[in-house]
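For reference, data37.cif is printed below; it contains mmCIF, C-alpha atoms and all ligand atoms; chains and numbers go by the auth columns.
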data_data
loop_
_atom_site.group_PDB
_atom_site.id
_atom_site.type_symbol
_atom_site.label_atom_id
_atom_site.label_comp_id
_atom_site.label_asym_id
_atom_site.label_seq_id
_atom_site.Cartn_x
_atom_site.Cartn_y
_atom_site.Cartn_z
_atom_site.B_iso_or_equiv
_atom_site.auth_seq_id
_atom_site.auth_asym_id
ATOM 1 C CA MET A 1 -17.788 4.407 -2.462 0.00 247 Y
ATOM 2 C CA THR A 2 -16.548 2.485 0.570 0.00 248 Y
ATOM 3 C CA ASP A 3 -17.788 -1.064 0.798 0.00 249 Y
ATOM 4 C CA PRO A 4 -20.866 -1.015 3.113 0.00 250 Y
ATOM 5 C CA ARG A 5 -19.750 -4.212 4.835 0.00 251 Y
ATOM 6 C CA PRO A 6 -17.279 -4.677 7.700 0.00 252 Y
ATOM 7 C CA ALA A 7 -13.950 -5.758 6.279 0.00 253 Y
ATOM 8 C CA GLU A 8 -13.423 -9.509 6.225 0.00 254 Y
ATOM 9 C CA VAL A 9 -9.863 -10.351 7.245 0.00 255 Y
ATOM 10 C CA ARG A 10 -7.904 -13.517 6.629 0.00 256 Y
ATOM 11 C CA TRP A 11 -4.246 -14.548 6.837 0.00 257 Y
ATOM 12 C CA ALA A 12 -2.627 -15.902 3.682 0.00 258 Y
ATOM 13 C CA GLU A 13 -0.661 -19.117 4.083 0.00 259 Y
ATOM 14 C CA PRO A 14 2.124 -18.894 3.085 0.00 260 Y
ATOM 15 C CA GLY A 15 2.567 -15.137 3.359 0.00 261 Y
ATOM 16 C CA ASP A 16 6.070 -14.679 1.988 0.00 262 Y
ATOM 17 C CA ALA A 17 7.275 -12.592 -0.963 0.00 263 Y
ATOM 18 C CA ALA A 18 6.713 -15.468 -3.406 0.00 264 Y
ATOM 19 C CA ALA A 19 3.100 -15.763 -2.235 0.00 265 Y
ATOM 20 C CA VAL A 20 2.599 -12.033 -2.750 0.00 266 Y
ATOM 21 C CA ALA A 21 4.105 -12.309 -6.228 0.00 267 Y
ATOM 22 C CA ASP A 22 1.714 -15.194 -6.928 0.00 268 Y
ATOM 23 C CA ARG A 23 -1.237 -13.039 -5.835 0.00 269 Y
ATOM 24 C CA ILE A 24 -0.187 -10.186 -8.113 0.00 270 Y
ATOM 25 C CA ALA A 25 0.361 -12.637 -11.000 0.00 271 Y
ATOM 26 C CA ALA A 26 -3.129 -14.060 -10.390 0.00 272 Y
ATOM 27 C CA GLU A 27 -4.553 -10.543 -10.715 0.00 273 Y
ATOM 28 C CA LEU A 28 -2.726 -10.049 -14.002 0.00 274 Y
ATOM 29 C CA ALA A 29 -4.128 -13.342 -15.294 0.00 275 Y
ATOM 30 C CA LYS A 30 -7.691 -12.038 -14.978 0.00 276 Y
ATOM 31 C CA PRO A 31 -9.188 -10.711 -18.221 0.00 277 Y
ATOM 32 C CA GLY A 32 -9.273 -7.013 -19.037 0.00 278 Y
ATOM 33 C CA PRO A 33 -7.385 -3.957 -17.848 0.00 279 Y
ATOM 34 C CA LYS A 34 -6.280 -3.885 -14.224 0.00 280 Y
ATOM 35 C CA ARG A 35 -5.450 -1.135 -11.746 0.00 281 Y
ATOM 36 C CA ILE A 36 -3.271 -2.089 -8.799 0.00 282 Y
ATOM 37 C CA ALA A 37 -1.969 0.198 -6.032 0.00 283 Y
ATOM 38 C CA VAL A 38 1.399 -0.715 -4.554 0.00 284 Y
ATOM 39 C CA PRO A 39 3.275 0.688 -1.539 0.00 285 Y
ATOM 40 C CA GLY A 40 6.734 2.100 -1.191 0.00 286 Y
ATOM 41 C CA GLY A 41 9.312 1.288 1.425 0.00 287 Y
ATOM 42 C CA SER A 42 11.599 -1.741 1.443 0.00 288 Y
ATOM 43 C CA THR A 43 9.231 -4.719 1.627 0.00 289 Y
ATOM 44 C CA PRO A 44 7.986 -4.451 -1.984 0.00 290 Y
ATOM 45 C CA VAL A 45 11.501 -4.490 -3.489 0.00 291 Y
ATOM 46 C CA LYS A 46 11.819 -8.289 -3.142 0.00 292 Y
ATOM 47 C CA VAL A 47 8.364 -8.865 -4.619 0.00 293 Y
ATOM 48 C CA PHE A 48 9.023 -6.491 -7.516 0.00 294 Y
ATOM 49 C CA ALA A 49 12.227 -8.443 -8.290 0.00 295 Y
ATOM 50 C CA LEU A 50 10.326 -11.746 -8.278 0.00 296 Y
ATOM 51 C CA LEU A 51 7.664 -10.283 -10.572 0.00 297 Y
ATOM 52 C CA ALA A 52 10.297 -8.870 -12.933 0.00 298 Y
ATOM 53 C CA ASP A 53 11.776 -12.379 -13.285 0.00 299 Y
ATOM 54 C CA ARG A 54 8.461 -13.857 -14.386 0.00 300 Y
ATOM 55 C CA ALA A 55 7.118 -13.786 -17.958 0.00 301 Y
ATOM 56 C CA LEU A 56 3.989 -11.804 -17.092 0.00 302 Y
ATOM 57 C CA ASP A 57 1.785 -9.763 -19.439 0.00 303 Y
ATOM 58 C CA TRP A 58 1.759 -6.254 -17.983 0.00 304 Y
ATOM 59 C CA SER A 59 -0.037 -4.721 -20.965 0.00 305 Y
ATOM 60 C CA GLY A 60 -3.321 -3.240 -19.763 0.00 306 Y
ATOM 61 C CA VAL A 61 -2.010 -3.040 -16.188 0.00 307 Y
ATOM 62 C CA THR A 62 -1.717 0.293 -14.394 0.00 308 Y
ATOM 63 C CA LEU A 63 0.298 0.463 -11.194 0.00 309 Y
ATOM 64 C CA CYS A 64 -0.244 3.422 -8.868 0.00 310 Y
ATOM 65 C CA LEU A 65 1.679 4.103 -5.665 0.00 311 Y
ATOM 66 C CA THR A 66 -0.243 4.268 -2.407 0.00 312 Y
ATOM 67 C CA ASP A 67 2.054 7.081 -1.405 0.00 313 Y
ATOM 68 C CA ASP A 68 5.372 8.665 -2.181 0.00 314 Y
ATOM 69 C CA ARG A 69 7.921 10.958 -0.716 0.00 315 Y
ATOM 70 C CA GLN A 70 8.071 14.364 -2.379 0.00 316 Y
ATOM 71 C CA VAL A 71 11.566 13.911 -3.817 0.00 317 Y
ATOM 72 C CA PRO A 72 12.920 13.749 -7.404 0.00 318 Y
ATOM 73 C CA ASP A 73 12.382 10.449 -9.237 0.00 319 Y
ATOM 74 C CA ASP A 74 16.127 9.689 -9.095 0.00 320 Y
ATOM 75 C CA HIS A 75 16.299 10.251 -5.316 0.00 321 Y
ATOM 76 C CA PRO A 76 16.958 6.971 -3.428 0.00 322 Y
ATOM 77 C CA ALA A 77 13.841 7.620 -1.335 0.00 323 Y
ATOM 78 C CA SER A 78 11.537 7.882 -4.349 0.00 324 Y
ATOM 79 C CA ASN A 79 8.962 5.095 -4.389 0.00 325 Y
ATOM 80 C CA TYR A 80 8.151 6.021 -7.984 0.00 326 Y
ATOM 81 C CA GLY A 81 11.822 5.718 -8.917 0.00 327 Y
ATOM 82 C CA LYS A 82 12.074 2.289 -7.229 0.00 328 Y
ATOM 83 C CA LEU A 83 8.939 1.028 -8.982 0.00 329 Y
ATOM 84 C CA VAL A 84 10.017 2.212 -12.432 0.00 330 Y
ATOM 85 C CA ALA A 85 13.512 0.762 -11.897 0.00 331 Y
ATOM 86 C CA ALA A 86 12.001 -2.628 -11.077 0.00 332 Y
ATOM 87 C CA LEU A 87 9.132 -2.881 -13.551 0.00 333 Y
ATOM 88 C CA GLY A 88 9.362 0.120 -15.865 0.00 334 Y
ATOM 89 C CA ASP A 89 10.514 -2.006 -18.830 0.00 335 Y
ATOM 90 C CA SER A 90 7.723 -4.573 -18.415 0.00 336 Y
ATOM 91 C CA GLY A 91 5.123 -2.705 -20.462 0.00 337 Y
ATOM 92 C CA VAL A 92 3.207 -1.709 -17.334 0.00 338 Y
ATOM 93 C CA THR A 93 1.789 1.809 -17.016 0.00 339 Y
ATOM 94 C CA VAL A 94 2.985 3.539 -13.850 0.00 340 Y
ATOM 95 C CA GLU A 95 0.534 6.239 -12.754 0.00 341 Y
ATOM 96 C CA ARG A 96 2.002 9.199 -10.877 0.00 342 Y
ATOM 97 C CA LEU A 97 0.451 10.586 -7.726 0.00 343 Y
ATOM 98 C CA VAL A 98 -0.640 14.155 -8.441 0.00 344 Y
ATOM 99 C CA GLU A 99 -1.688 16.352 -5.538 0.00 345 Y
ATOM 100 C CA GLY A 100 -5.415 17.098 -5.636 0.00 346 Y
ATOM 101 C CA ALA A 101 -6.075 14.610 -8.437 0.00 347 Y
ATOM 102 C CA ALA A 102 -8.989 12.209 -8.448 0.00 348 Y
ATOM 103 C CA VAL A 103 -7.961 8.544 -8.809 0.00 349 Y
ATOM 104 C CA ALA A 104 -9.956 5.784 -10.487 0.00 350 Y
ATOM 105 C CA PRO A 105 -10.875 2.761 -8.355 0.00 351 Y
ATOM 106 C CA PHE A 106 -8.563 -0.236 -8.134 0.00 352 Y
ATOM 107 C CA ASP A 107 -8.889 -3.946 -8.634 0.00 353 Y
ATOM 108 C CA LEU A 108 -6.337 -4.592 -5.904 0.00 354 Y
ATOM 109 C CA VAL A 109 -4.660 -2.393 -3.282 0.00 355 Y
ATOM 110 C CA TRP A 110 -1.432 -3.633 -1.697 0.00 356 Y
ATOM 111 C CA LEU A 111 -0.726 -1.880 1.583 0.00 357 Y
ATOM 112 C CA GLY A 112 2.494 -1.881 3.514 0.00 358 Y
ATOM 113 C CA MET A 113 2.529 -0.975 7.194 0.00 359 Y
ATOM 114 C CA GLY A 114 5.044 0.672 9.456 0.00 360 Y
ATOM 115 C CA GLU A 115 5.845 -0.548 12.973 0.00 361 Y
ATOM 116 C CA ASP A 116 3.701 2.349 14.226 0.00 362 Y
ATOM 117 C CA GLY A 117 0.684 1.040 12.337 0.00 363 Y
ATOM 118 C CA HIS A 118 0.801 3.615 9.554 0.00 364 Y
ATOM 119 C CA VAL A 119 -0.342 2.620 6.096 0.00 365 Y
ATOM 120 C CA ALA A 120 0.560 4.556 2.974 0.00 366 Y
ATOM 121 C CA SER A 121 1.529 7.925 4.450 0.00 367 Y
ATOM 122 C CA LEU A 122 -1.327 8.022 6.934 0.00 368 Y
ATOM 123 C CA PHE A 123 0.587 8.268 10.206 0.00 369 Y
ATOM 124 C CA PRO A 124 -0.634 7.970 13.802 0.00 370 Y
ATOM 125 C CA HIS A 125 0.102 10.355 16.668 0.00 371 Y
ATOM 126 C CA MET A 126 1.461 12.953 14.324 0.00 372 Y
ATOM 127 C CA HIS A 127 0.278 16.414 13.631 0.00 373 Y
ATOM 128 C CA ALA A 128 0.157 16.434 9.832 0.00 374 Y
ATOM 129 C CA LEU A 129 -0.062 19.494 7.695 0.00 375 Y
ATOM 130 C CA ILE A 130 -2.591 18.211 5.178 0.00 376 Y
ATOM 131 C CA ARG A 131 -3.738 19.782 1.953 0.00 377 Y
ATOM 132 C CA PRO A 132 -6.907 17.766 1.291 0.00 378 Y
ATOM 133 C CA GLY A 133 -7.852 16.395 -2.099 0.00 379 Y
ATOM 134 C CA PRO A 134 -10.499 14.044 -3.482 0.00 380 Y
ATOM 135 C CA ALA A 135 -8.049 11.139 -3.481 0.00 381 Y
ATOM 136 C CA VAL A 136 -4.449 12.364 -3.367 0.00 382 Y
ATOM 137 C CA ILE A 137 -3.460 14.469 -0.427 0.00 383 Y
ATOM 138 C CA ALA A 138 -0.226 16.251 0.364 0.00 384 Y
ATOM 139 C CA THR A 139 0.874 15.709 3.934 0.00 385 Y
ATOM 140 C CA THR A 140 3.868 16.769 5.955 0.00 386 Y
ATOM 141 C CA PRO A 141 4.015 14.593 9.049 0.00 387 Y
ATOM 142 C CA VAL A 142 5.303 16.385 12.145 0.00 388 Y
ATOM 143 C CA PRO A 143 7.729 15.130 13.204 0.00 389 Y
ATOM 144 C CA LEU A 144 8.927 13.703 9.874 0.00 390 Y
ATOM 145 C CA PRO A 145 9.256 9.896 10.099 0.00 391 Y
ATOM 146 C CA SER A 146 12.888 9.011 10.749 0.00 392 Y
ATOM 147 C CA GLU A 147 12.977 6.280 8.110 0.00 393 Y
ATOM 148 C CA ALA A 148 12.008 8.718 5.346 0.00 394 Y
ATOM 149 C CA PRO A 149 12.020 12.328 6.574 0.00 395 Y
ATOM 150 C CA PHE A 150 10.197 13.901 3.619 0.00 396 Y
ATOM 151 C CA PRO A 151 6.842 15.525 2.914 0.00 397 Y
ATOM 152 C CA ARG A 152 4.519 13.043 1.264 0.00 398 Y
ATOM 153 C CA LEU A 153 1.781 12.546 -1.274 0.00 399 Y
ATOM 154 C CA THR A 154 -0.624 9.792 -0.292 0.00 400 Y
ATOM 155 C CA LEU A 155 -3.895 8.292 -1.345 0.00 401 Y
ATOM 156 C CA ASN A 156 -6.490 9.049 1.265 0.00 402 Y
ATOM 157 C CA ARG A 157 -8.474 6.427 3.121 0.00 403 Y
ATOM 158 C CA ARG A 158 -11.407 6.526 0.742 0.00 404 Y
ATOM 159 C CA ALA A 159 -9.154 6.052 -2.292 0.00 405 Y
ATOM 160 C CA LEU A 160 -7.281 3.190 -0.602 0.00 406 Y
ATOM 161 C CA LYS A 161 -10.604 1.457 0.082 0.00 407 Y
ATOM 162 C CA ALA A 162 -11.952 1.954 -3.464 0.00 408 Y
ATOM 163 C CA THR A 163 -10.933 -1.537 -4.498 0.00 409 Y
ATOM 164 C CA ALA A 164 -12.248 -5.092 -4.744 0.00 410 Y
ATOM 165 C CA GLU A 165 -9.607 -6.410 -2.335 0.00 411 Y
ATOM 166 C CA ILE A 166 -6.773 -5.198 -0.109 0.00 412 Y
ATOM 167 C CA ILE A 167 -3.647 -7.183 0.636 0.00 413 Y
ATOM 168 C CA LEU A 168 -1.607 -6.087 3.665 0.00 414 Y
ATOM 169 C CA VAL A 169 2.011 -7.244 3.343 0.00 415 Y
ATOM 170 C CA ILE A 170 4.062 -7.165 6.540 0.00 416 Y
ATOM 171 C CA THR A 171 7.239 -8.749 7.815 0.00 417 Y
ATOM 172 C CA GLY A 172 8.709 -9.361 11.261 0.00 418 Y
ATOM 173 C CA ALA A 173 7.357 -10.116 14.726 0.00 419 Y
ATOM 174 C CA THR A 174 6.731 -6.483 15.718 0.00 420 Y
ATOM 175 C CA LYS A 175 4.330 -5.816 12.861 0.00 421 Y
ATOM 176 C CA LYS A 176 2.570 -9.160 13.371 0.00 422 Y
ATOM 177 C CA GLN A 177 2.052 -8.366 17.057 0.00 423 Y
ATOM 178 C CA LEU A 178 0.636 -4.950 16.167 0.00 424 Y
ATOM 179 C CA VAL A 179 -1.808 -6.467 13.659 0.00 425 Y
ATOM 180 C CA GLU A 180 -2.870 -9.059 16.222 0.00 426 Y
ATOM 181 C CA ARG A 181 -3.486 -6.242 18.736 0.00 427 Y
ATOM 182 C CA VAL A 182 -5.600 -4.449 16.143 0.00 428 Y
ATOM 183 C CA LEU A 183 -7.596 -7.599 15.374 0.00 429 Y
ATOM 184 C CA GLY A 184 -8.053 -7.924 19.136 0.00 430 Y
ATOM 185 C CA GLY A 185 -9.656 -4.469 19.318 0.00 431 Y
ATOM 186 C CA ALA A 186 -6.898 -1.814 19.213 0.00 432 Y
ATOM 187 C CA ASP A 187 -8.544 0.948 17.211 0.00 433 Y
ATOM 188 C CA THR A 188 -6.025 3.767 17.450 0.00 434 Y
ATOM 189 C CA TYR A 189 -3.811 2.885 14.509 0.00 435 Y
ATOM 190 C CA PRO A 190 -4.368 3.976 10.891 0.00 436 Y
ATOM 191 C CA VAL A 191 -4.353 0.281 9.909 0.00 437 Y
ATOM 192 C CA SER A 192 -7.212 -0.325 12.375 0.00 438 Y
ATOM 193 C CA ASP A 193 -9.790 1.244 10.072 0.00 439 Y
ATOM 194 C CA PHE A 194 -8.827 -1.132 7.269 0.00 440 Y
ATOM 195 C CA LEU A 195 -8.926 -4.234 9.446 0.00 441 Y
ATOM 196 C CA ARG A 196 -11.879 -3.398 11.698 0.00 442 Y
ATOM 197 C CA GLY A 197 -13.873 -0.774 9.841 0.00 443 Y
ATOM 198 C CA PHE A 198 -16.135 -0.889 6.816 0.00 444 Y
ATOM 199 C CA GLY A 199 -14.372 -1.745 3.612 0.00 445 Y
ATOM 200 C CA PRO A 200 -13.156 -4.378 1.171 0.00 446 Y
ATOM 201 C CA PRO A 201 -11.825 -7.758 2.309 0.00 447 Y
ATOM 202 C CA VAL A 202 -8.234 -7.784 3.548 0.00 448 Y
ATOM 203 C CA THR A 203 -5.783 -10.655 3.124 0.00 449 Y
ATOM 204 C CA ILE A 204 -2.722 -10.342 5.353 0.00 450 Y
ATOM 205 C CA TYR A 205 0.584 -11.682 4.030 0.00 451 Y
ATOM 206 C CA TRP A 206 3.075 -12.080 6.885 0.00 452 Y
ATOM 207 C CA SER A 207 6.546 -13.523 6.867 0.00 453 Y
ATOM 208 C CA ALA A 208 9.314 -13.527 9.481 0.00 454 Y
HETATM 209 C C1 LIG B . 6.460 4.470 2.357 0.00 1 N
HETATM 210 C C2 LIG B . 5.433 3.367 2.328 0.00 1 N
HETATM 211 C C3 LIG B . 5.038 3.020 3.722 0.00 1 N
HETATM 212 C C4 LIG B . 5.554 1.612 3.909 0.00 1 N
HETATM 213 C C5 LIG B . 5.696 1.281 5.359 0.00 1 N
HETATM 214 C C6 LIG B . 6.435 -0.051 5.502 0.00 1 N
HETATM 215 O O1 LIG B . 6.498 5.313 1.457 0.00 1 N
HETATM 216 O O2 LIG B . 7.279 4.432 3.289 0.00 1 N
HETATM 217 O O3 LIG B . 4.450 3.473 1.456 0.00 1 N
HETATM 218 O O4 LIG B . 3.689 3.098 4.039 0.00 1 N
HETATM 219 O O5 LIG B . 4.669 0.704 3.276 0.00 1 N
HETATM 220 O O6 LIG B . 6.430 2.320 5.977 0.00 1 N
HETATM 221 O O7 LIG B . 7.725 0.130 4.967 0.00 1 N
HETATM 222 P P1 LIG B . 8.781 -1.098 4.927 0.00 1 N
HETATM 223 O O8 LIG B . 8.223 -2.042 3.928 0.00 1 N
HETATM 224 O O9 LIG B . 10.058 -0.442 4.484 0.00 1 N
HETATM 225 O O10 LIG B . 8.816 -1.643 6.328 0.00 1 N
#

Just dump the structure as structure tokens.
Amino acid sequence: MTDPRPAEVRWAEPGDAAAVADRIAAELAKPGPKRIAVPGGSTPVKVFALLADRALDWSGVTLCLTDDRQVPDDHPASNYGKLVAALGDSGVTVERLVEGAAVAPFDLVWLGMGEDGHVASLFPHMHALIRPGPAVIATTPVPLPSEAPFPRLTLNRRALKATAEIILVITGATKKQLVERVLGGADTYPVSDFLRGFGPPVTIYWSA
């Protein structure tokens, strides 16, 4: 059930990888089991390394990817492979994306964003061959994104919003300028719905 309120958006200060690691550690410190969705791509790698270096209790924590490329786990483009390599020995449970599966709500969703404003594998201006599902959809963007030219599995918008809070972690001036355009009213990007639509609060972590 999407939050019936317009998303409240704030900028974290600082917004660097250490601050993101602190936010994840704060979630782990809360009592009870936790479900956290994490993105793929390159930005998370630094945060995962920081988290792996900390003495955190990952028991009772389930990590699920927001999206993945449809490649074998040992393929360099596999988000699942990268996540397990970084945190697989921590005692965390890593939940696979399964096409057509339903997905339980999250306590925290961490979104990455491309320079085109895509989040997870929800791309703009692309014809996508989509096989719909209640939460996990298979999508083949056309054209395939140059940075990772593979068919995808991705949580859909409703699943990405089924959480108490969203953190959007971005780096570089280009992505910051795009987010500022969205906050100023640009509604044509996939990220726009998360920042200007109805849904959970969003905290933006930005670093140069
Ligand atoms: C993926 C990600 C994707 C990513 C953005 C940003 O599988 O590629 O889930 O949505 O978060 O493309 O990627 P970078 O962090 O590499 O810029």

*asked:* Please enumerate the residues selected by the PyMOL selection byres (((chain Y and resi 304-313) around 8) and not hetatm) when evaluated against the supplied file, formatted as a PyMOL selection string.
replied: chain Y and resi 274+278-286+302-303+314-315+325-326+336-343+357+366-367+398-401+406

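Among the candidates Y:Ala272, Y:Val425, Y:Ile412, Y:Val388, the one nearest to Trp356 of chain Y when counting all atoms listed in the file is Y:Ile412.
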
*What gap, in Å, lies between atom CA of Pro397 of chain Y and atom C6 of ligand LIG 1 (chain N)?*
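So the two atoms, atom CA of Pro397 of chain Y and atom C6 of ligand LIG 1 (chain N), lie 15.8 Å apart.
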
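For the file at hand, the PyMOL selection byres (((chain Y and resi 447) around 7) and not hetatm) resolves to Ala253, Glu254, Val255, Glu411, Ile412, Gly445, Pro446, Val448 and Thr449 of chain Y.
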
*Find, counting all atoms listed in the file, the residue in Y:Asn402, Y:Gln423, Y:His371, Y:Gly261 that gets nearest to Pro387 of chain Y.*
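Selected residue with least distance to Pro387 of chain Y: Y:His371.
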
*Spell out the residues picked by the PyMOL selection byres (((chain Y and resi 292) around 12) and not hetatm) here, as an MDAnalysis selection string.*
chainID Y and resid 262:267 286:291 293:299 328:329 332 415 417

Would you write out those residues with C-alpha atoms, as a PDB file, in the frame of the given file?
ATOM      1  CA  ASP Y 262       6.070 -14.679   1.988  1.00  0.00           C
ATOM      2  CA  ALA Y 263       7.275 -12.592  -0.963  1.00  0.00           C
ATOM      3  CA  ALA Y 264       6.713 -15.468  -3.406  1.00  0.00           C
ATOM      4  CA  ALA Y 265       3.100 -15.763  -2.235  1.00  0.00           C
ATOM      5  CA  VAL Y 266       2.599 -12.033  -2.750  1.00  0.00           C
ATOM      6  CA  ALA Y 267       4.105 -12.309  -6.228  1.00  0.00           C
ATOM      7  CA  GLY Y 286       6.734   2.100  -1.191  1.00  0.00           C
ATOM      8  CA  GLY Y 287       9.312   1.288   1.425  1.00  0.00           C
ATOM      9  CA  SER Y 288      11.599  -1.741   1.443  1.00  0.00           C
ATOM     10  CA  THR Y 289       9.231  -4.719   1.627  1.00  0.00           C
ATOM     11  CA  PRO Y 290       7.986  -4.451  -1.984  1.00  0.00           C
ATOM     12  CA  VAL Y 291      11.501  -4.490  -3.489  1.00  0.00           C
ATOM     13  CA  VAL Y 293       8.364  -8.865  -4.619  1.00  0.00           C
ATOM     14  CA  PHE Y 294       9.023  -6.491  -7.516  1.00  0.00           C
ATOM     15  CA  ALA Y 295      12.227  -8.443  -8.290  1.00  0.00           C
ATOM     16  CA  LEU Y 296      10.326 -11.746  -8.278  1.00  0.00           C
ATOM     17  CA  LEU Y 297       7.664 -10.283 -10.572  1.00  0.00           C
ATOM     18  CA  ALA Y 298      10.297  -8.870 -12.933  1.00  0.00           C
ATOM     19  CA  ASP Y 299      11.776 -12.379 -13.285  1.00  0.00           C
ATOM     20  CA  LYS Y 328      12.074   2.289  -7.229  1.00  0.00           C
ATOM     21  CA  LEU Y 329       8.939   1.028  -8.982  1.00  0.00           C
ATOM     22  CA  ALA Y 332      12.001  -2.628 -11.077  1.00  0.00           C
ATOM     23  CA  VAL Y 415       2.011  -7.244   3.343  1.00  0.00           C
ATOM     24  CA  THR Y 417       7.239  -8.749   7.815  1.00  0.00           C
TER      25      THR Y 417
END

Please, what is the axis-aligned box for every listed atom of segment 330-337 of chain Y with 4 Å on each side, as centre and edge lengths in Å to one decimal, as AutoDock Vina command-line options?
--center_x 9.3 --center_y -1.2 --center_z -15.8 --size_x 16.4 --size_y 14.8 --size_z 17.4

*Select, from Y:Thr434, Y:Ser324, Y:Thr385, Y:Ser453, the residue with the minimum atom-to-atom distance to ligand LIG 1 (chain N), counting all atoms listed in the file.*
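Ranking Y:Thr434, Y:Ser324, Y:Thr385, Y:Ser453 by distance to ligand LIG 1 (chain N), first place goes to Y:Ser324.
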
*asked:* Rounded to one decimal, what separation in Å do you get between atom CA of Ala419 of chain Y and atom CA of Glu361 of chain Y?
replied: 9.8 Å

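Pairwise distance (atom O7 of ligand LIG 1 (chain N), atom CA of Pro252 of chain Y) equals 25.6 Å.
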
*Of the candidates Y:Val437, Y:Val428, Y:Ala347, Y:Ile270, which one gets nearest to ligand LIG 1 (chain N) if we count only C-alpha atoms and all ligand atoms?*
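The closest residue to ligand LIG 1 (chain N) is Y:Val437.
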
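For the choices Y:Val330, Y:Pro378, Y:Arg256, Y:His373, the atom-to-atom distance to Leu429 of chain Y is smallest for Y:Arg256 when using all atoms listed in the file.
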
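Checking Y:Ile376, Y:Ala331, Y:Ala384, Y:Val355 one by one against Asp319 of chain Y, counting all atoms listed in the file, you find the shortest gap at Y:Ala331.
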